Amino acid sequence: PDVPSKTSQRILDVALRMFNEQGESNISTNHIADELEISPGNLYYHFRNKDDIIEHLFQRFEERMDQALAVPDGREITLEDVWLQLHLVFECIWSYRFLYRDIINILSRNRSLRLRFARILKRGSANAHSIMKGLNETGVMRASAAEIEGLSTNILVLATFWLNYANIRGEKDEQQAIQKGIVQVMMLVSPFLRDNERLHMHTLSAAYQD
């Protein structure tokens, strides 16, 4: 059905929770149907297969990430803007962490998702570039065009693979790992900040981790 029904929304919500908790590769449509106490036939009425469920979840993820990547318009960008945006982006990654944990496998199965994720990466890169350029122009930081380019790429790589890194390290508290990821991104920015701004950034960082 074109209009999302209550049942299809419940299927997506439960699938997302199960994928996040147990890993997408460990969950079948039968597991999802069992959890919802509906028949597999009922589930297939709403979604053709598991990949169809993943595509619908990806659409939700895409919409939320697009909102998180909106750049403040019509005013100067501040360090607080960077913190807030990183928080929104990392929270989105956390909410859809199954995608990031198994990103290579999921995207290799679906060309459409691969292209859409590439678009998100491109938007993320342009966003980071725009924010760093804005901070440079207002004198909050001092960096060359090449340094801004490199910094934008490094921020993107770190954000994309941070949860996998935390997982490999054996960090159990993934929510705390998200906080560390945000601070880690700011540490990439830190060397380019003016002295007062760097001090301000470290104050923000300490407050954020308390």
# chains A, B, ... in the order shown; residues from 1 in each chain; ligands from 1
$ select_by_dssp --residues "chain A" --states "helix (DSSP H, G or I)" --output "VMD selection string"
chain A and resid 6 to 22 24 to 26 29 to 36 40 to 46 50 to 68 79 to 95 97 to 101 103 to 109 111 to 137 145 to 168 174 to 192 195 to 209
$ closest_residue --among "A:Arg119, A:His31, A:Arg111, A:Arg198" --to "Arg142 in chain A" --atoms "only C-alpha atoms"
A:Arg198
$ residues_around --residues "Arg75 in chain A" --least-positions-apart "5" --cutoff "12 Å" --atoms "only C-alpha atoms" --output "list of chain:residue names"
A:Asp81, A:Ile131, A:Gly134, A:Leu135, A:Thr138
$ write_last_selection --atoms "N, CA and C atoms" --output "PDB file, in the first residue's frame"
ATOM      1  N   ASP A  81      27.219  25.961  16.877  1.00  0.00           N
ATOM      2  CA  ASP A  81      26.516  25.375  15.728  1.00  0.00           C
ATOM      3  C   ASP A  81      27.146  24.039  15.346  1.00  0.00           C
ATOM      4  N   ILE A 131      30.822  24.742   6.549  1.00  0.00           N
ATOM      5  CA  ILE A 131      30.928  25.177   7.942  1.00  0.00           C
ATOM      6  C   ILE A 131      32.365  25.602   8.268  1.00  0.00           C
ATOM      7  N   GLY A 134      33.052  28.836   6.689  1.00  0.00           N
ATOM      8  CA  GLY A 134      32.376  29.898   7.442  1.00  0.00           C
ATOM      9  C   GLY A 134      33.155  30.287   8.686  1.00  0.00           C
ATOM     10  N   LEU A 135      33.662  29.296   9.416  1.00  0.00           N
ATOM     11  CA  LEU A 135      34.461  29.567  10.619  1.00  0.00           C
ATOM     12  C   LEU A 135      35.759  30.284  10.250  1.00  0.00           C
ATOM     13  N   THR A 138      35.056  34.027   9.449  1.00  0.00           N
ATOM     14  CA  THR A 138      34.764  34.880  10.614  1.00  0.00           C
ATOM     15  C   THR A 138      35.955  34.961  11.574  1.00  0.00           C
TER      16      THR A 138
END
$ closest_residue --among "A:Leu99, A:Ala126, A:Val82, A:Ile27" --to "Leu163 in chain A" --atoms "only C-alpha atoms"
A:Leu99
$ closest_atom_pairs --of "range 25-45 of chain A" --to "range 51-69 of chain A" --cutoff "12 Å" --atoms "only C-alpha atoms" --output "CSV"
residue,atom,partner,partner_atom,distance
A:Ser25,CA,A:Asp51,CA,11.0
A:Ile27,CA,A:Ile54,CA,11.6
A:Ser28,CA,A:Asp51,CA,10.3
A:Thr29,CA,A:Ile53,CA,9.0
A:Ile32,CA,A:Ile53,CA,10.5
A:Leu43,CA,A:Ile53,CA,10.0
A:Tyr44,CA,A:Asp52,CA,9.8
A:Tyr45,CA,A:Asp52,CA,11.6
$ closest_atom_pairs --of "range 34-149 of chain A" --to "range 173-178 of chain A" --cutoff "12 Å" --atoms "only C-alpha atoms" --output "CSV"
residue,atom,partner,partner_atom,distance
A:Leu86,CA,A:Ile178,CA,9.9
A:His87,CA,A:Ile178,CA,8.5
A:Leu88,CA,A:Ile178,CA,10.8
A:Val89,CA,A:Ile178,CA,10.0
A:Phe90,CA,A:Ile178,CA,6.3
A:Glu91,CA,A:Ile178,CA,7.6
A:Cys92,CA,A:Ile178,CA,10.4
A:Ile93,CA,A:Ile178,CA,8.8
A:Trp94,CA,A:Ile178,CA,7.3
A:Ser95,CA,A:Gln175,CA,10.1
A:Arg97,CA,A:Glu174,CA,9.6
A:Arg101,CA,A:Glu174,CA,11.7
$ atom_distance --atom1 "CA of Gly124 in chain A" --atom2 "CA of Ala207 in chain A"
26.0 Å
$ residues_around --residues "Leu107 in chain A" --least-positions-apart "5" --cutoff "10 Å" --atoms "only C-alpha atoms" --output "list of chain:residue names"
A:Leu99, A:Asp102, A:Ser112, A:Leu113, A:Arg114, A:Leu115, A:Arg116, A:Phe117, A:Ala118
$ write_last_selection --atoms "C-alpha atoms" --output "tab-separated table (two decimals), in the first residue's frame"
chain	number	residue	atom	x	y	z
A	99	LEU	CA	23.35	0.58	8.59
A	102	ASP	CA	27.23	-3.53	8.28
A	112	SER	CA	20.09	2.16	-5.34
A	113	LEU	CA	21.04	2.43	-1.64
A	114	ARG	CA	24.73	2.65	-2.60
A	115	LEU	CA	24.00	5.67	-4.83
A	116	ARG	CA	21.78	7.26	-2.18
A	117	PHE	CA	24.39	6.78	0.54
A	118	ALA	CA	27.01	8.27	-1.79
$ residues_around --residues "Trp83 in chain A" --least-positions-apart "4" --cutoff "10 Å" --atoms "only C-alpha atoms" --output "JSON, numbers by chain"
{"A": [78, 79, 87, 88, 89, 182, 183, 185, 186, 201, 204, 205, 208]}
$ residues_around --residues "Lys133 in chain A" --least-positions-apart "4" --cutoff "10 Å" --atoms "only C-alpha atoms" --output "PyMOL selection string"
chain A and resi 77+127-129+137-139+141-145+148-149+152
$ closest_residue --among "A:Ala70, A:Ala33, A:Leu199, A:Ala159" --to "Lys50 in chain A" --atoms "only C-alpha atoms"
A:Ala33
$ atom_distance --atom1 "CA of Asn154 in chain A" --atom2 "CA of Ile103 in chain A"
18.2 Å
$ closest_residue --among "A:Asn42, A:Thr153, A:Gln179, A:Thr203" --to "Thr7 in chain A" --atoms "only C-alpha atoms"
A:Asn42
$ decode --residues "range 50-183 of chain A" --atoms "C-alpha atoms" --output "tab-separated table (two decimals), in the first residue's frame"
chain	number	residue	atom	x	y	z
A	50	LYS	CA	13.71	-7.85	4.09
A	51	ASP	CA	15.48	-5.62	1.57
A	52	ASP	CA	12.18	-3.77	1.04
A	53	ILE	CA	12.06	-3.11	4.81
A	54	ILE	CA	15.67	-1.91	4.72
A	55	GLU	CA	14.87	0.45	1.81
A	56	HIS	CA	11.99	2.00	3.76
A	57	LEU	CA	14.18	2.38	6.85
A	58	PHE	CA	16.88	3.94	4.67
A	59	GLN	CA	14.35	6.49	3.45
A	60	ARG	CA	13.61	7.46	7.07
A	61	PHE	CA	17.34	7.67	7.76
A	62	GLU	CA	17.91	9.78	4.65
A	63	GLU	CA	15.21	12.30	5.63
A	64	ARG	CA	16.57	12.63	9.17
A	65	MET	CA	20.17	13.00	7.99
A	66	ASP	CA	19.12	15.68	5.49
A	67	GLN	CA	17.53	17.64	8.38
A	68	ALA	CA	20.65	17.17	10.53
A	69	LEU	CA	22.87	18.50	7.72
A	70	ALA	CA	20.95	21.76	7.27
A	71	VAL	CA	23.39	24.70	7.57
A	72	PRO	CA	22.33	27.80	9.57
A	73	ASP	CA	21.23	30.39	7.04
A	74	GLY	CA	21.61	34.17	7.05
A	75	ARG	CA	24.01	34.42	10.01
A	76	GLU	CA	27.59	33.68	11.00
A	77	ILE	CA	28.39	30.10	12.02
A	78	THR	CA	29.67	29.55	15.58
A	79	LEU	CA	31.40	26.68	17.39
A	80	GLU	CA	28.09	25.97	19.17
A	81	ASP	CA	26.52	25.37	15.73
A	82	VAL	CA	29.21	22.78	15.02
A	83	TRP	CA	28.54	20.98	18.34
A	84	LEU	CA	24.78	20.98	17.74
A	85	GLN	CA	25.10	19.70	14.20
A	86	LEU	CA	27.55	16.98	15.17
A	87	HIS	CA	25.14	15.95	17.92
A	88	LEU	CA	22.24	15.70	15.42
A	89	VAL	CA	24.36	13.78	12.88
A	90	PHE	CA	25.78	11.32	15.43
A	91	GLU	CA	22.32	10.81	16.97
A	92	CYS	CA	21.01	9.93	13.51
A	93	ILE	CA	23.92	7.48	13.06
A	94	TRP	CA	23.09	6.01	16.49
A	95	SER	CA	19.39	5.64	15.64
A	96	TYR	CA	20.25	3.78	12.41
A	97	ARG	CA	23.45	2.16	13.64
A	98	PHE	CA	22.70	-1.18	11.92
A	99	LEU	CA	23.35	0.58	8.59
A	100	TYR	CA	26.77	1.76	9.71
A	101	ARG	CA	27.78	-1.47	11.43
A	102	ASP	CA	27.23	-3.53	8.28
A	103	ILE	CA	27.53	-0.75	5.72
A	104	ILE	CA	29.69	-2.53	3.12
A	105	ASN	CA	27.48	-5.63	3.05
A	106	ILE	CA	24.15	-3.74	2.94
A	107	LEU	CA	25.26	-1.33	0.20
A	108	SER	CA	26.87	-4.08	-1.89
A	109	ARG	CA	23.47	-5.82	-2.14
A	110	ASN	CA	21.60	-2.76	-3.32
A	111	ARG	CA	22.86	-0.37	-6.02
A	112	SER	CA	20.09	2.16	-5.34
A	113	LEU	CA	21.04	2.43	-1.64
A	114	ARG	CA	24.73	2.65	-2.60
A	115	LEU	CA	24.00	5.67	-4.83
A	116	ARG	CA	21.78	7.26	-2.18
A	117	PHE	CA	24.39	6.78	0.54
A	118	ALA	CA	27.01	8.27	-1.79
A	119	ARG	CA	24.72	11.31	-2.10
A	120	ILE	CA	24.56	11.60	1.69
A	121	LEU	CA	28.36	11.44	1.88
A	122	LYS	CA	28.63	14.11	-0.80
A	123	ARG	CA	26.18	16.33	1.07
A	124	GLY	CA	28.04	15.68	4.34
A	125	SER	CA	31.33	16.65	2.73
A	126	ALA	CA	29.85	19.84	1.23
A	127	ASN	CA	28.28	20.65	4.60
A	128	ALA	CA	31.54	20.19	6.55
A	129	HIS	CA	33.37	22.25	3.91
A	130	SER	CA	30.79	25.05	4.12
A	131	ILE	CA	30.93	25.18	7.94
A	132	MET	CA	34.75	25.14	8.10
A	133	LYS	CA	34.88	27.83	5.42
A	134	GLY	CA	32.38	29.90	7.44
A	135	LEU	CA	34.46	29.57	10.62
A	136	ASN	CA	37.55	30.55	8.61
A	137	GLU	CA	35.87	33.64	7.18
A	138	THR	CA	34.76	34.88	10.61
A	139	GLY	CA	38.25	34.35	12.06
A	140	VAL	CA	37.24	31.56	14.45
A	141	MET	CA	39.80	29.34	12.74
A	142	ARG	CA	42.69	29.78	10.35
A	143	ALA	CA	43.17	27.19	7.62
A	144	SER	CA	44.16	27.10	3.95
A	145	ALA	CA	41.76	25.90	1.24
A	146	ALA	CA	43.66	22.57	1.06
A	147	GLU	CA	43.50	22.17	4.84
A	148	ILE	CA	39.75	22.83	4.85
A	149	GLU	CA	39.34	20.23	2.09
A	150	GLY	CA	41.36	17.65	4.03
A	151	LEU	CA	39.65	18.45	7.33
A	152	SER	CA	36.18	18.07	5.76
A	153	THR	CA	37.12	14.62	4.40
A	154	ASN	CA	38.63	13.53	7.73
A	155	ILE	CA	35.48	14.61	9.62
A	156	LEU	CA	33.33	12.61	7.20
A	157	VAL	CA	35.50	9.47	7.41
A	158	LEU	CA	35.60	9.64	11.22
A	159	ALA	CA	31.83	10.12	11.55
A	160	THR	CA	31.05	7.32	9.07
A	161	PHE	CA	33.28	4.68	10.67
A	162	TRP	CA	33.41	5.80	14.30
A	163	LEU	CA	30.85	3.26	15.59
A	164	ASN	CA	32.72	0.41	13.87
A	165	TYR	CA	35.95	1.61	15.50
A	166	ALA	CA	34.29	1.78	18.93
A	167	ASN	CA	32.81	-1.69	18.35
A	168	ILE	CA	36.19	-3.22	17.44
A	169	ARG	CA	37.69	-1.62	20.56
A	170	GLY	CA	35.04	-3.47	22.55
A	171	GLU	CA	33.25	-0.40	23.90
A	172	LYS	CA	30.00	-1.62	25.39
A	173	ASP	CA	28.26	1.74	25.89
A	174	GLU	CA	27.61	2.86	22.31
A	175	GLN	CA	25.82	6.02	23.45
A	176	GLN	CA	28.97	7.05	25.28
A	177	ALA	CA	30.94	6.09	22.19
A	178	ILE	CA	28.82	8.60	20.22
A	179	GLN	CA	29.80	11.37	22.67
A	180	LYS	CA	33.45	10.41	22.28
A	181	GLY	CA	33.03	10.49	18.50
A	182	ILE	CA	31.74	14.07	18.61
A	183	VAL	CA	34.64	15.16	20.83
